[in-house]
Structures are given as C-alpha cells and as structure tokens.
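Undergrad: Structure file my_file_25.txt, compact mmCIF, C-alpha atoms, is pasted below:
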```txt
# COMPACT_ATOMS: atom_id res chain seq x y z
CA MET A 1 -117.79 -178.87 32.73
CA PRO A 2 -121.05 -180.78 32.41
CA LYS A 3 -119.30 -184.05 31.40
CA TYR A 4 -117.14 -184.03 34.54
CA HIS A 5 -120.15 -183.32 36.75
CA ASP A 6 -122.30 -185.99 35.10
CA GLU A 7 -119.49 -188.53 35.54
CA LEU A 8 -118.98 -187.52 39.18
CA ASP A 9 -122.71 -187.71 39.83
CA ALA A 10 -122.98 -191.20 38.35
CA VAL A 11 -119.93 -192.45 40.28
CA LEU A 12 -121.17 -191.06 43.62
CA ARG A 13 -124.68 -192.46 43.12
CA ALA A 14 -123.14 -195.82 42.26
CA LEU A 15 -120.94 -195.81 45.39
CA ALA A 16 -123.71 -194.62 47.75
CA ASP A 17 -124.80 -198.22 48.28
CA PRO A 18 -123.03 -200.75 50.52
CA THR A 19 -123.57 -203.73 48.18
CA ARG A 20 -122.06 -201.87 45.24
CA ARG A 21 -119.14 -200.72 47.41
CA ALA A 22 -118.54 -204.32 48.50
CA VAL A 23 -118.40 -205.33 44.82
CA VAL A 24 -115.84 -202.57 44.12
CA GLU A 25 -113.78 -203.66 47.15
CA ARG A 26 -113.75 -207.25 45.86
CA LEU A 27 -112.78 -206.18 42.33
CA ALA A 28 -109.92 -203.95 43.53
CA SER A 29 -107.78 -207.06 44.06
CA SER A 30 -108.71 -208.82 40.77
CA PRO A 31 -111.49 -209.31 38.19
CA ALA A 32 -114.18 -211.84 39.11
CA VAL A 33 -116.97 -213.77 37.44
CA VAL A 34 -120.54 -212.88 38.36
CA SER A 35 -121.15 -216.03 40.42
CA GLU A 36 -118.07 -215.23 42.56
CA LEU A 37 -119.34 -211.70 43.12
CA ALA A 38 -122.76 -213.00 44.10
CA ALA A 39 -121.44 -215.54 46.62
CA PRO A 40 -120.97 -213.26 49.68
CA PHE A 41 -124.43 -211.70 49.34
CA SER A 42 -127.69 -213.29 50.36
CA MET A 43 -129.32 -211.65 47.40
CA ALA A 44 -131.23 -212.91 44.36
CA LEU A 45 -129.04 -212.92 41.23
CA PRO A 46 -131.27 -210.41 39.36
CA SER A 47 -130.75 -207.87 42.20
CA LEU A 48 -126.99 -208.31 42.01
CA LEU A 49 -127.08 -207.94 38.21
CA GLN A 50 -129.04 -204.70 38.67
CA HIS A 51 -126.29 -203.41 40.99
CA LEU A 52 -123.63 -204.44 38.45
CA ARG A 53 -125.49 -202.62 35.70
CA ILE A 54 -125.52 -199.40 37.77
CA LEU A 55 -121.76 -199.76 38.37
CA GLU A 56 -121.17 -200.41 34.66
CA ASP A 57 -123.38 -197.48 33.53
CA ALA A 58 -121.40 -195.22 35.90
CA GLY A 59 -118.16 -196.44 34.28
CA VAL A 60 -116.91 -197.90 37.57
CA VAL A 61 -116.70 -201.48 36.23
CA THR A 62 -116.51 -203.11 32.83
CA SER A 63 -117.57 -206.63 31.94
CA GLU A 64 -116.91 -209.16 29.20
CA LYS A 65 -118.87 -212.26 28.35
CA HIS A 66 -117.09 -215.41 27.20
CA GLY A 67 -119.62 -218.15 26.42
CA ARG A 68 -121.96 -218.21 29.42
CA VAL A 69 -119.48 -216.63 31.84
CA ARG A 70 -119.37 -212.87 32.43
CA THR A 71 -116.17 -211.47 33.98
CA VAL A 72 -116.36 -208.12 35.74
CA SER A 73 -113.35 -205.80 36.28
CA LEU A 74 -112.80 -202.49 37.99
CA ARG A 75 -112.23 -199.97 35.18
CA PRO A 76 -108.70 -198.53 35.60
CA GLY A 77 -108.98 -194.87 36.59
CA ALA A 78 -112.71 -195.26 37.22
CA LEU A 79 -112.54 -193.44 40.53
CA ASP A 80 -110.15 -190.69 39.38
CA VAL A 81 -113.03 -188.24 38.87
CA LEU A 82 -113.91 -188.60 42.57
CA HIS A 83 -110.24 -188.25 43.61
CA LEU A 84 -110.04 -185.06 41.57
CA TRP A 85 -113.21 -183.62 43.09
CA LEU A 86 -112.07 -184.49 46.63
CA GLY A 87 -108.76 -182.74 45.99
CA GLU A 88 -110.63 -179.58 44.99
CA GLN A 89 -112.58 -179.59 48.27
CA ARG A 90 -109.50 -179.25 50.49
CA THR A 91 -109.88 -176.25 52.79
CA PRO A 92 -107.08 -173.63 52.80
CA ALA A 93 -105.67 -175.16 56.04
CA GLU A 94 -105.70 -178.66 54.52
CA ARG A 95 -103.95 -177.38 51.36
CA GLN A 96 -101.22 -175.94 53.54
CA ALA A 97 -100.83 -179.30 55.28
CA ASP A 98 -100.69 -181.02 51.84
CA ARG A 99 -97.83 -178.74 50.77
CA LEU A 100 -95.98 -179.52 54.00
CA GLY A 101 -96.47 -183.25 53.28
CA VAL A 102 -94.97 -182.95 49.78
CA HIS A 103 -92.07 -180.94 51.21
CA LEU A 104 -91.38 -183.63 53.84
CA THR A 105 -91.58 -186.41 51.22
CA ARG A 106 -89.03 -184.53 49.13
CA THR A 107 -86.64 -183.72 51.95
CA THR A 108 -86.81 -186.80 54.19
CA PRO A 109 -84.00 -189.30 53.49
CA LYS A 110 -85.31 -192.63 52.24
CA ASP A 111 -83.86 -194.72 55.08
CA MET B 1 -115.01 -201.75 61.29
CA PRO B 2 -118.69 -200.82 61.48
CA LYS B 3 -117.97 -197.22 62.54
CA TYR B 4 -115.79 -196.61 59.49
CA HIS B 5 -118.38 -198.14 57.17
CA ASP B 6 -121.27 -196.18 58.72
CA GLU B 7 -119.30 -192.96 58.37
CA LEU B 8 -118.37 -193.75 54.77
CA ASP B 9 -121.97 -194.64 53.98
CA ALA B 10 -123.28 -191.36 55.43
CA VAL B 11 -120.64 -189.28 53.60
CA LEU B 12 -121.31 -190.95 50.23
CA ARG B 13 -125.08 -190.61 50.58
CA ALA B 14 -124.61 -186.95 51.49
CA LEU B 15 -122.39 -186.33 48.45
CA ALA B 16 -124.60 -188.24 45.99
CA ASP B 17 -126.67 -185.11 45.41
CA PRO B 18 -125.62 -182.15 43.21
CA THR B 19 -127.06 -179.46 45.51
CA ARG B 20 -125.19 -180.83 48.52
CA ARG B 21 -121.98 -181.09 46.47
CA ALA B 22 -122.40 -177.45 45.39
CA VAL B 23 -122.69 -176.47 49.08
CA VAL B 24 -119.48 -178.40 49.88
CA GLU B 25 -117.70 -176.74 46.92
CA ARG B 26 -118.75 -173.30 48.18
CA LEU B 27 -117.63 -174.08 51.76
CA ALA B 28 -114.23 -175.38 50.68
CA SER B 29 -113.04 -171.78 50.22
CA SER B 30 -114.54 -170.39 53.47
CA PRO B 31 -117.44 -170.74 55.95
CA ALA B 32 -120.72 -169.08 54.92
CA VAL B 33 -124.01 -168.03 56.47
CA VAL B 34 -127.15 -169.90 55.41
CA SER B 35 -128.57 -167.03 53.32
CA GLU B 36 -125.31 -166.92 51.29
CA LEU B 37 -125.47 -170.65 50.72
CA ALA B 38 -129.10 -170.38 49.62
CA ALA B 39 -128.47 -167.53 47.13
CA PRO B 40 -127.24 -169.56 44.10
CA PHE B 41 -130.12 -172.05 44.32
CA SER B 42 -133.67 -171.45 43.17
CA MET B 43 -134.87 -173.54 46.09
CA ALA B 44 -137.16 -172.87 49.04
CA LEU B 45 -135.16 -172.27 52.23
CA PRO B 46 -136.65 -175.33 54.05
CA SER B 47 -135.34 -177.58 51.25
CA LEU B 48 -131.87 -176.09 51.56
CA LEU B 49 -132.00 -176.49 55.34
CA GLN B 50 -132.91 -180.14 54.82
CA HIS B 51 -129.82 -180.59 52.61
CA LEU B 52 -127.67 -178.86 55.24
CA ARG B 53 -129.04 -181.16 57.92
CA ILE B 54 -128.06 -184.24 55.87
CA LEU B 55 -124.55 -182.82 55.41
CA GLU B 56 -124.29 -182.06 59.14
CA ASP B 57 -125.63 -185.49 60.19
CA ALA B 58 -122.99 -187.07 57.92
CA GLY B 59 -120.29 -185.00 59.65
CA VAL B 60 -119.39 -183.22 56.41
CA VAL B 61 -120.26 -179.75 57.73
CA THR B 62 -120.68 -178.14 61.15
CA SER B 63 -122.74 -175.08 61.97
CA GLU B 64 -122.93 -172.49 64.74
CA LYS B 65 -125.74 -170.07 65.49
CA HIS B 66 -124.99 -166.54 66.69
CA GLY B 67 -128.21 -164.65 67.32
CA ARG B 68 -130.35 -165.26 64.25
CA VAL B 69 -127.44 -166.05 61.94
CA ARG B 70 -126.23 -169.59 61.36
CA THR B 71 -122.71 -170.02 59.94
CA VAL B 72 -121.85 -173.29 58.20
CA SER B 73 -118.29 -174.64 57.78
CA LEU B 74 -116.76 -177.65 56.11
CA ARG B 75 -115.60 -179.93 58.93
CA PRO B 76 -111.78 -180.29 58.69
CA GLY B 77 -110.97 -183.86 57.70
CA ALA B 78 -114.64 -184.54 56.92
CA LEU B 79 -113.84 -186.23 53.62
CA ASP B 80 -110.81 -188.20 54.88
CA VAL B 81 -112.89 -191.36 55.27
CA LEU B 82 -113.69 -191.25 51.55
CA HIS B 83 -110.04 -190.53 50.66
CA LEU B 84 -109.02 -193.54 52.72
CA TRP B 85 -111.59 -195.81 51.09
CA LEU B 86 -110.61 -194.64 47.59
CA GLY B 87 -106.96 -195.38 48.37
CA GLU B 88 -107.89 -198.93 49.33
CA GLN B 89 -109.63 -199.48 45.97
CA ARG B 90 -106.50 -198.90 43.87
CA THR B 91 -105.92 -201.87 41.56
CA PRO B 92 -102.51 -203.60 41.67
CA ALA B 93 -101.45 -201.70 38.48
CA GLU B 94 -102.55 -198.38 39.98
CA ARG B 95 -100.64 -199.11 43.21
CA GLN B 96 -97.52 -199.71 41.16
CA ALA B 97 -98.04 -196.35 39.41
CA ASP B 98 -98.54 -194.69 42.83
CA ARG B 99 -95.19 -196.07 44.05
CA LEU B 100 -93.50 -194.80 40.90
CA GLY B 101 -95.05 -191.37 41.54
CA VAL B 102 -93.69 -191.26 45.12
CA HIS B 103 -90.28 -192.37 43.84
CA LEU B 104 -90.26 -189.57 41.22
CA THR B 105 -91.36 -186.98 43.81
CA ARG B 106 -88.47 -188.08 46.03
CA THR B 107 -85.82 -188.18 43.32
CA THR B 108 -86.77 -185.24 41.05
CA PRO B 109 -84.79 -182.07 41.88
CA LYS B 110 -87.03 -179.24 43.08
CA ASP B 111 -86.14 -176.76 40.28
```
Before anything else, please render the file you have as structure tokens.

TA:
Amino acid sequence: MPKYHDELDAVLRALADPTRRAVVERLASSPAVVSELAAPFSMALPSLLQHLRILEDAGVVTSEKHGRVRTVSLRPGALDVLHLWLGEQRTPAERQADRLGVHLTRTTPKD
Amino acid sequence: MPKYHDELDAVLRALADPTRRAVVERLASSPAVVSELAAPFSMALPSLLQHLRILEDAGVVTSEKHGRVRTVSLRPGALDVLHLWLGEQRTPAERQADRLGVHLTRTTPKD
C-alpha cells in the first residue's frame, strides 16, 4: 500500500517536531487564525508559516483564507493513519490485553 | 510534563524514518536477531545498527546480547506515549464519535 505508507511517512515527519505538535495540540480544541497560533512562539512569522505548510502538505491541517485572515483547522481524521499503524504494532501479549479490555467493557455494568 | 514530552519527541523522531518503522513492524510479531532484521534491507550493517541504536535510545526496542548474537525486541508499552498523545488530539466531534462507539460496544449483543 504505497499511498498508506506515504501518508504515514508525511504525518510522522510532520509530528516529529515540537513546534508542529504544539500547533496540533492548540488546534485540537478549535480552529485558530495564524496570528493566534503564532502568539505562544517566540518565532518569526515566516518560520511558523513554514511549519504550517509542512502540516498542511501532510494533510494534518487545512486552512482557509477570508480576506487577509487565514484560519487553520485540524483535518478531521488526519491522525487516523497513525492510529491504524500503531494498532498494527501491538505485540501478541498486548493484543491479548486489548481483547480482555473489550470483554470487560462489554461485561461491566455501566454504574 | 517534560518527561512525557521528551519521551514523545524521541519516539516520534525514531518513527519518522521508513527503515526504523519496518524494523518495528517486523518486531511486532516476535523478537529477532540483528542479522534477521538486516536481511530485508540492502543496507550496510553499521547503518542498520545506527537505526537500532536510535530505536533503543527512544525506548522503542530493547536488546540483549548472548555470546555474539544480539536479540532485539519491541519494548512492551513502548508506543503507549504516542497512543496517549493521539488520544488527546481528538477534536470535539471525534470525541463525541468515540463516546458513541463505547456506547455501542456496551449495548450491542455479542452475537
């Protein structure tokens, strides 16, 4: 599956940077305009825009420009490819524990 | 939580490389000796050892030497930090879908 691997590669490269992860963490609660995203970082705007471009090229965020204001959002399902890959890397012992977890969720009374 | 962030940073940097991900994928099924891990790659052994060292420094794998043979294993729970971080980045809409999923798992009969 080359498409899946390319997507995974782009997402992991995008997330392997603390500034880009901080942007993702901020956007998980709500979309934000670029100036808001820039505020917590002591970083020149062009550097932040470069980080945003890497996140957008990896499909992690999307952005829309209205007049002079660009709003950035986390793309729904953007990190699913990484979730999927992580699930595949469970060791046999971890898979057994996962099955036990599902069983307990199913059989434990709600209250 | 600097420890959590350092650990996450090391894990993501380790996984942001296709050779290192291929090693993790191989180890998810069972531990392997270094020569086995090297076999699928047309790569000089020192380069592979360098990749293994990055994975081990990040806590993703562990290794043990018996005589001249080094066996490498996926560290149980090694990727939990990334799972945890991914869970925190769910958007409000995704969280709502997650809750629905748990509800359905609880209320759907097993057969």

Undergrad: Neighbouring residues of Thr62 of chain B were defined as those with any atom within 9 Å, considering only C-alpha atoms; residues of the same chain fewer than 5 positions away were excluded. Please report them as a ChimeraX atom specification.

TA: /B:55-57,71-75

Undergrad: In Å, how far is it from atom CA of Lys65 of chain A to atom CA of Ala28 of chain A?

TA: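 So the answer is 19.5 Å.
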
Undergrad: Could you list, as a PDB file with C-alpha atoms, in the frame of the given file, every residue of chain A that has an atom within 9 Å of an atom of chain B, counting only C-alpha atoms?

TA:
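Output file iface.pdb follows:
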```pdb
ATOM      1  CA  HIS A   5    -120.150-183.320  36.750  1.00  0.00           C
ATOM      2  CA  LEU A   8    -118.980-187.520  39.180  1.00  0.00           C
ATOM      3  CA  ASP A   9    -122.710-187.710  39.830  1.00  0.00           C
ATOM      4  CA  ALA A  10    -122.980-191.200  38.350  1.00  0.00           C
ATOM      5  CA  VAL A  11    -119.930-192.450  40.280  1.00  0.00           C
ATOM      6  CA  LEU A  12    -121.170-191.060  43.620  1.00  0.00           C
ATOM      7  CA  ARG A  13    -124.680-192.460  43.120  1.00  0.00           C
ATOM      8  CA  ALA A  14    -123.140-195.820  42.260  1.00  0.00           C
ATOM      9  CA  LEU A  15    -120.940-195.810  45.390  1.00  0.00           C
ATOM     10  CA  ALA A  16    -123.710-194.620  47.750  1.00  0.00           C
ATOM     11  CA  ASP A  17    -124.800-198.220  48.280  1.00  0.00           C
ATOM     12  CA  PRO A  18    -123.030-200.750  50.520  1.00  0.00           C
ATOM     13  CA  VAL A  24    -115.840-202.570  44.120  1.00  0.00           C
ATOM     14  CA  GLU A  25    -113.780-203.660  47.150  1.00  0.00           C
ATOM     15  CA  ARG A  26    -113.750-207.250  45.860  1.00  0.00           C
ATOM     16  CA  LEU A  27    -112.780-206.180  42.330  1.00  0.00           C
ATOM     17  CA  ALA A  28    -109.920-203.950  43.530  1.00  0.00           C
ATOM     18  CA  SER A  29    -107.780-207.060  44.060  1.00  0.00           C
ATOM     19  CA  SER A  30    -108.710-208.820  40.770  1.00  0.00           C
ATOM     20  CA  LEU A  74    -112.800-202.490  37.990  1.00  0.00           C
ATOM     21  CA  PRO A  76    -108.700-198.530  35.600  1.00  0.00           C
ATOM     22  CA  GLY A  77    -108.980-194.870  36.590  1.00  0.00           C
ATOM     23  CA  LEU A  79    -112.540-193.440  40.530  1.00  0.00           C
ATOM     24  CA  LEU A  82    -113.910-188.600  42.570  1.00  0.00           C
ATOM     25  CA  HIS A  83    -110.240-188.250  43.610  1.00  0.00           C
ATOM     26  CA  LEU A  86    -112.070-184.490  46.630  1.00  0.00           C
ATOM     27  CA  GLU A  88    -110.630-179.580  44.990  1.00  0.00           C
ATOM     28  CA  GLN A  89    -112.580-179.590  48.270  1.00  0.00           C
ATOM     29  CA  ARG A  90    -109.500-179.250  50.490  1.00  0.00           C
ATOM     30  CA  THR A  91    -109.880-176.250  52.790  1.00  0.00           C
ATOM     31  CA  PRO A  92    -107.080-173.630  52.800  1.00  0.00           C
ATOM     32  CA  ALA A  93    -105.670-175.160  56.040  1.00  0.00           C
ATOM     33  CA  GLU A  94    -105.700-178.660  54.520  1.00  0.00           C
ATOM     34  CA  VAL A 102     -94.970-182.950  49.780  1.00  0.00           C
ATOM     35  CA  THR A 105     -91.580-186.410  51.220  1.00  0.00           C
ATOM     36  CA  ARG A 106     -89.030-184.530  49.130  1.00  0.00           C
ATOM     37  CA  THR A 107     -86.640-183.720  51.950  1.00  0.00           C
ATOM     38  CA  THR A 108     -86.810-186.800  54.190  1.00  0.00           C
ATOM     39  CA  PRO A 109     -84.000-189.300  53.490  1.00  0.00           C
ATOM     40  CA  LYS A 110     -85.310-192.630  52.240  1.00  0.00           C
TER      41      LYS A 110
END
```

Undergrad: Find the distance between atom CA of Val23 of chain B and atom CA of Leu37 of chain B and write it in Å to one decimal.

TA: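 Interatomic distance here is 6.7 Å.
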
Undergrad: What would you get as a PDB file with C-alpha atoms, in the frame of the given file if chain A were moved onto chain B by least squares over all of its C-alpha atoms in order?

TA:
```pdb
ATOM      1  CA  MET A   1    -115.028-201.753  61.299  1.00  0.00           C
ATOM      2  CA  PRO A   2    -118.706-200.851  61.484  1.00  0.00           C
ATOM      3  CA  LYS A   3    -117.999-197.225  62.546  1.00  0.00           C
ATOM      4  CA  TYR A   4    -115.804-196.609  59.493  1.00  0.00           C
ATOM      5  CA  HIS A   5    -118.400-198.131  57.171  1.00  0.00           C
ATOM      6  CA  ASP A   6    -121.283-196.194  58.724  1.00  0.00           C
ATOM      7  CA  GLU A   7    -119.297-192.957  58.382  1.00  0.00           C
ATOM      8  CA  LEU A   8    -118.381-193.756  54.769  1.00  0.00           C
ATOM      9  CA  ASP A   9    -121.983-194.631  53.974  1.00  0.00           C
ATOM     10  CA  ALA A  10    -123.291-191.372  55.426  1.00  0.00           C
ATOM     11  CA  VAL A  11    -120.651-189.293  53.610  1.00  0.00           C
ATOM     12  CA  LEU A  12    -121.315-190.956  50.231  1.00  0.00           C
ATOM     13  CA  ARG A  13    -125.095-190.615  50.588  1.00  0.00           C
ATOM     14  CA  ALA A  14    -124.609-186.962  51.492  1.00  0.00           C
ATOM     15  CA  LEU A  15    -122.378-186.325  48.450  1.00  0.00           C
ATOM     16  CA  ALA A  16    -124.602-188.238  45.990  1.00  0.00           C
ATOM     17  CA  ASP A  17    -126.650-185.093  45.401  1.00  0.00           C
ATOM     18  CA  PRO A  18    -125.588-182.150  43.220  1.00  0.00           C
ATOM     19  CA  THR A  19    -127.043-179.462  45.524  1.00  0.00           C
ATOM     20  CA  ARG A  20    -125.181-180.835  48.529  1.00  0.00           C
ATOM     21  CA  ARG A  21    -121.973-181.092  46.479  1.00  0.00           C
ATOM     22  CA  ALA A  22    -122.381-177.463  45.396  1.00  0.00           C
ATOM     23  CA  VAL A  23    -122.676-176.480  49.074  1.00  0.00           C
ATOM     24  CA  VAL A  24    -119.465-178.402  49.886  1.00  0.00           C
ATOM     25  CA  GLU A  25    -117.685-176.751  46.933  1.00  0.00           C
ATOM     26  CA  ARG A  26    -118.728-173.309  48.206  1.00  0.00           C
ATOM     27  CA  LEU A  27    -117.630-174.083  51.776  1.00  0.00           C
ATOM     28  CA  ALA A  28    -114.209-175.399  50.698  1.00  0.00           C
ATOM     29  CA  SER A  29    -113.024-171.805  50.237  1.00  0.00           C
ATOM     30  CA  SER A  30    -114.542-170.404  53.481  1.00  0.00           C
ATOM     31  CA  PRO A  31    -117.444-170.743  55.949  1.00  0.00           C
ATOM     32  CA  ALA A  32    -120.705-169.076  54.914  1.00  0.00           C
ATOM     33  CA  VAL A  33    -123.991-168.031  56.466  1.00  0.00           C
ATOM     34  CA  VAL A  34    -127.122-169.894  55.412  1.00  0.00           C
ATOM     35  CA  SER A  35    -128.523-167.034  53.316  1.00  0.00           C
ATOM     36  CA  GLU A  36    -125.263-166.910  51.300  1.00  0.00           C
ATOM     37  CA  LEU A  37    -125.454-170.652  50.707  1.00  0.00           C
ATOM     38  CA  ALA A  38    -129.062-170.372  49.590  1.00  0.00           C
ATOM     39  CA  ALA A  39    -128.423-167.545  47.111  1.00  0.00           C
ATOM     40  CA  PRO A  40    -127.207-169.576  44.082  1.00  0.00           C
ATOM     41  CA  PHE A  41    -130.090-172.058  44.295  1.00  0.00           C
ATOM     42  CA  SER A  42    -133.626-171.455  43.142  1.00  0.00           C
ATOM     43  CA  MET A  43    -134.835-173.510  46.044  1.00  0.00           C
ATOM     44  CA  ALA A  44    -137.140-172.866  49.002  1.00  0.00           C
ATOM     45  CA  LEU A  45    -135.165-172.254  52.215  1.00  0.00           C
ATOM     46  CA  PRO A  46    -136.659-175.307  54.008  1.00  0.00           C
ATOM     47  CA  SER A  47    -135.329-177.575  51.202  1.00  0.00           C
ATOM     48  CA  LEU A  48    -131.860-176.085  51.536  1.00  0.00           C
ATOM     49  CA  LEU A  49    -131.987-176.491  55.331  1.00  0.00           C
ATOM     50  CA  GLN A  50    -132.925-180.151  54.810  1.00  0.00           C
ATOM     51  CA  HIS A  51    -129.834-180.590  52.604  1.00  0.00           C
ATOM     52  CA  LEU A  52    -127.677-178.863  55.241  1.00  0.00           C
ATOM     53  CA  ARG A  53    -129.047-181.155  57.925  1.00  0.00           C
ATOM     54  CA  ILE A  54    -128.080-184.237  55.870  1.00  0.00           C
ATOM     55  CA  LEU A  55    -124.557-182.818  55.415  1.00  0.00           C
ATOM     56  CA  GLU A  56    -124.320-182.052  59.142  1.00  0.00           C
ATOM     57  CA  ASP A  57    -125.646-185.497  60.199  1.00  0.00           C
ATOM     58  CA  ALA A  58    -123.016-187.085  57.917  1.00  0.00           C
ATOM     59  CA  GLY A  59    -120.322-185.004  59.656  1.00  0.00           C
ATOM     60  CA  VAL A  60    -119.413-183.227  56.410  1.00  0.00           C
ATOM     61  CA  VAL A  61    -120.282-179.744  57.741  1.00  0.00           C
ATOM     62  CA  THR A  62    -120.694-178.150  61.139  1.00  0.00           C
ATOM     63  CA  SER A  63    -122.746-175.083  61.971  1.00  0.00           C
ATOM     64  CA  GLU A  64    -122.938-172.488  64.723  1.00  0.00           C
ATOM     65  CA  LYS A  65    -125.731-170.079  65.482  1.00  0.00           C
ATOM     66  CA  HIS A  66    -124.966-166.561  66.686  1.00  0.00           C
ATOM     67  CA  GLY A  67    -128.199-164.659  67.354  1.00  0.00           C
ATOM     68  CA  ARG A  68    -130.342-165.247  64.266  1.00  0.00           C
ATOM     69  CA  VAL A  69    -127.424-166.040  61.951  1.00  0.00           C
ATOM     70  CA  ARG A  70    -126.226-169.610  61.383  1.00  0.00           C
ATOM     71  CA  THR A  71    -122.703-170.031  59.964  1.00  0.00           C
ATOM     72  CA  VAL A  72    -121.864-173.285  58.214  1.00  0.00           C
ATOM     73  CA  SER A  73    -118.300-174.649  57.801  1.00  0.00           C
ATOM     74  CA  LEU A  74    -116.766-177.655  56.129  1.00  0.00           C
ATOM     75  CA  ARG A  75    -115.611-179.927  58.970  1.00  0.00           C
ATOM     76  CA  PRO A  76    -111.804-180.301  58.694  1.00  0.00           C
ATOM     77  CA  GLY A  77    -110.992-183.882  57.711  1.00  0.00           C
ATOM     78  CA  ALA A  78    -114.652-184.565  56.935  1.00  0.00           C
ATOM     79  CA  LEU A  79    -113.844-186.240  53.642  1.00  0.00           C
ATOM     80  CA  ASP A  80    -110.817-188.204  54.897  1.00  0.00           C
ATOM     81  CA  VAL A  81    -112.898-191.375  55.306  1.00  0.00           C
ATOM     82  CA  LEU A  82    -113.701-191.256  51.573  1.00  0.00           C
ATOM     83  CA  HIS A  83    -110.046-190.540  50.678  1.00  0.00           C
ATOM     84  CA  LEU A  84    -109.025-193.555  52.738  1.00  0.00           C
ATOM     85  CA  TRP A  85    -111.594-195.827  51.103  1.00  0.00           C
ATOM     86  CA  LEU A  86    -110.613-194.645  47.606  1.00  0.00           C
ATOM     87  CA  GLY A  87    -106.969-195.386  48.382  1.00  0.00           C
ATOM     88  CA  GLU A  88    -107.900-198.954  49.323  1.00  0.00           C
ATOM     89  CA  GLN A  89    -109.644-199.477  45.970  1.00  0.00           C
ATOM     90  CA  ARG A  90    -106.512-198.912  43.873  1.00  0.00           C
ATOM     91  CA  THR A  91    -105.934-201.881  41.573  1.00  0.00           C
ATOM     92  CA  PRO A  92    -102.506-203.596  41.684  1.00  0.00           C
ATOM     93  CA  ALA A  93    -101.466-201.707  38.494  1.00  0.00           C
ATOM     94  CA  GLU A  94    -102.549-198.370  39.996  1.00  0.00           C
ATOM     95  CA  ARG A  95    -100.630-199.120  43.227  1.00  0.00           C
ATOM     96  CA  GLN A  96     -97.522-199.710  41.161  1.00  0.00           C
ATOM     97  CA  ALA A  97     -98.037-196.366  39.422  1.00  0.00           C
ATOM     98  CA  ASP A  98     -98.525-194.700  42.857  1.00  0.00           C
ATOM     99  CA  ARG A  99     -95.178-196.079  44.047  1.00  0.00           C
ATOM    100  CA  LEU A 100     -93.503-194.784  40.888  1.00  0.00           C
ATOM    101  CA  GLY A 101     -95.061-191.352  41.571  1.00  0.00           C
ATOM    102  CA  VAL A 102     -93.674-191.236  45.128  1.00  0.00           C
ATOM    103  CA  HIS A 103     -90.269-192.329  43.821  1.00  0.00           C
ATOM    104  CA  LEU A 104     -90.272-189.536  41.207  1.00  0.00           C
ATOM    105  CA  THR A 105     -91.356-186.945  43.805  1.00  0.00           C
ATOM    106  CA  ARG A 106     -88.458-188.036  46.001  1.00  0.00           C
ATOM    107  CA  THR A 107     -85.830-188.114  43.279  1.00  0.00           C
ATOM    108  CA  THR A 108     -86.783-185.195  41.020  1.00  0.00           C
ATOM    109  CA  PRO A 109     -84.830-182.004  41.817  1.00  0.00           C
ATOM    110  CA  LYS A 110     -87.080-179.192  43.000  1.00  0.00           C
ATOM    111  CA  ASP A 111     -86.176-176.757  40.209  1.00  0.00           C
TER     112      ASP A 111
END
```

Undergrad: Which is closest to Ala38 of chain B among B:Ile54, B:Leu84, B:Ala22, B:Val60, if we use only C-alpha atoms?

TA: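 Of the candidates, the smallest distance to Ala38 of chain B is held by B:Ala22.
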
Undergrad: Just give me the gap between atom CA of Arg20 of chain B and atom CA of His51 of chain B in Å, one decimal is fine.

TA: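 Between atom CA of Arg20 of chain B and atom CA of His51 of chain B the gap is 6.2 Å.
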
Undergrad: Axis-aligned box over every listed atom of segment 2-17 of chain B, padded by 8 Å per side: centre and edges in Å to one decimal, as JSON?

TA:
```
{"center_x": -121.2, "center_y": -193.0, "center_z": 54.0, "size_x": 26.9, "size_y": 31.7, "size_z": 33.1}
```

Undergrad: For each of B:Val81, B:Arg95, B:Gly101, B:Arg68, take the minimum atom-to-atom distance to Tyr4 of chain B, counting only C-alpha atoms, then give the residue where this is smallest.

TA: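 Going through B:Val81, B:Arg95, B:Gly101, B:Arg68 one by one, the smallest distance to Tyr4 of chain B is for B:Val81.
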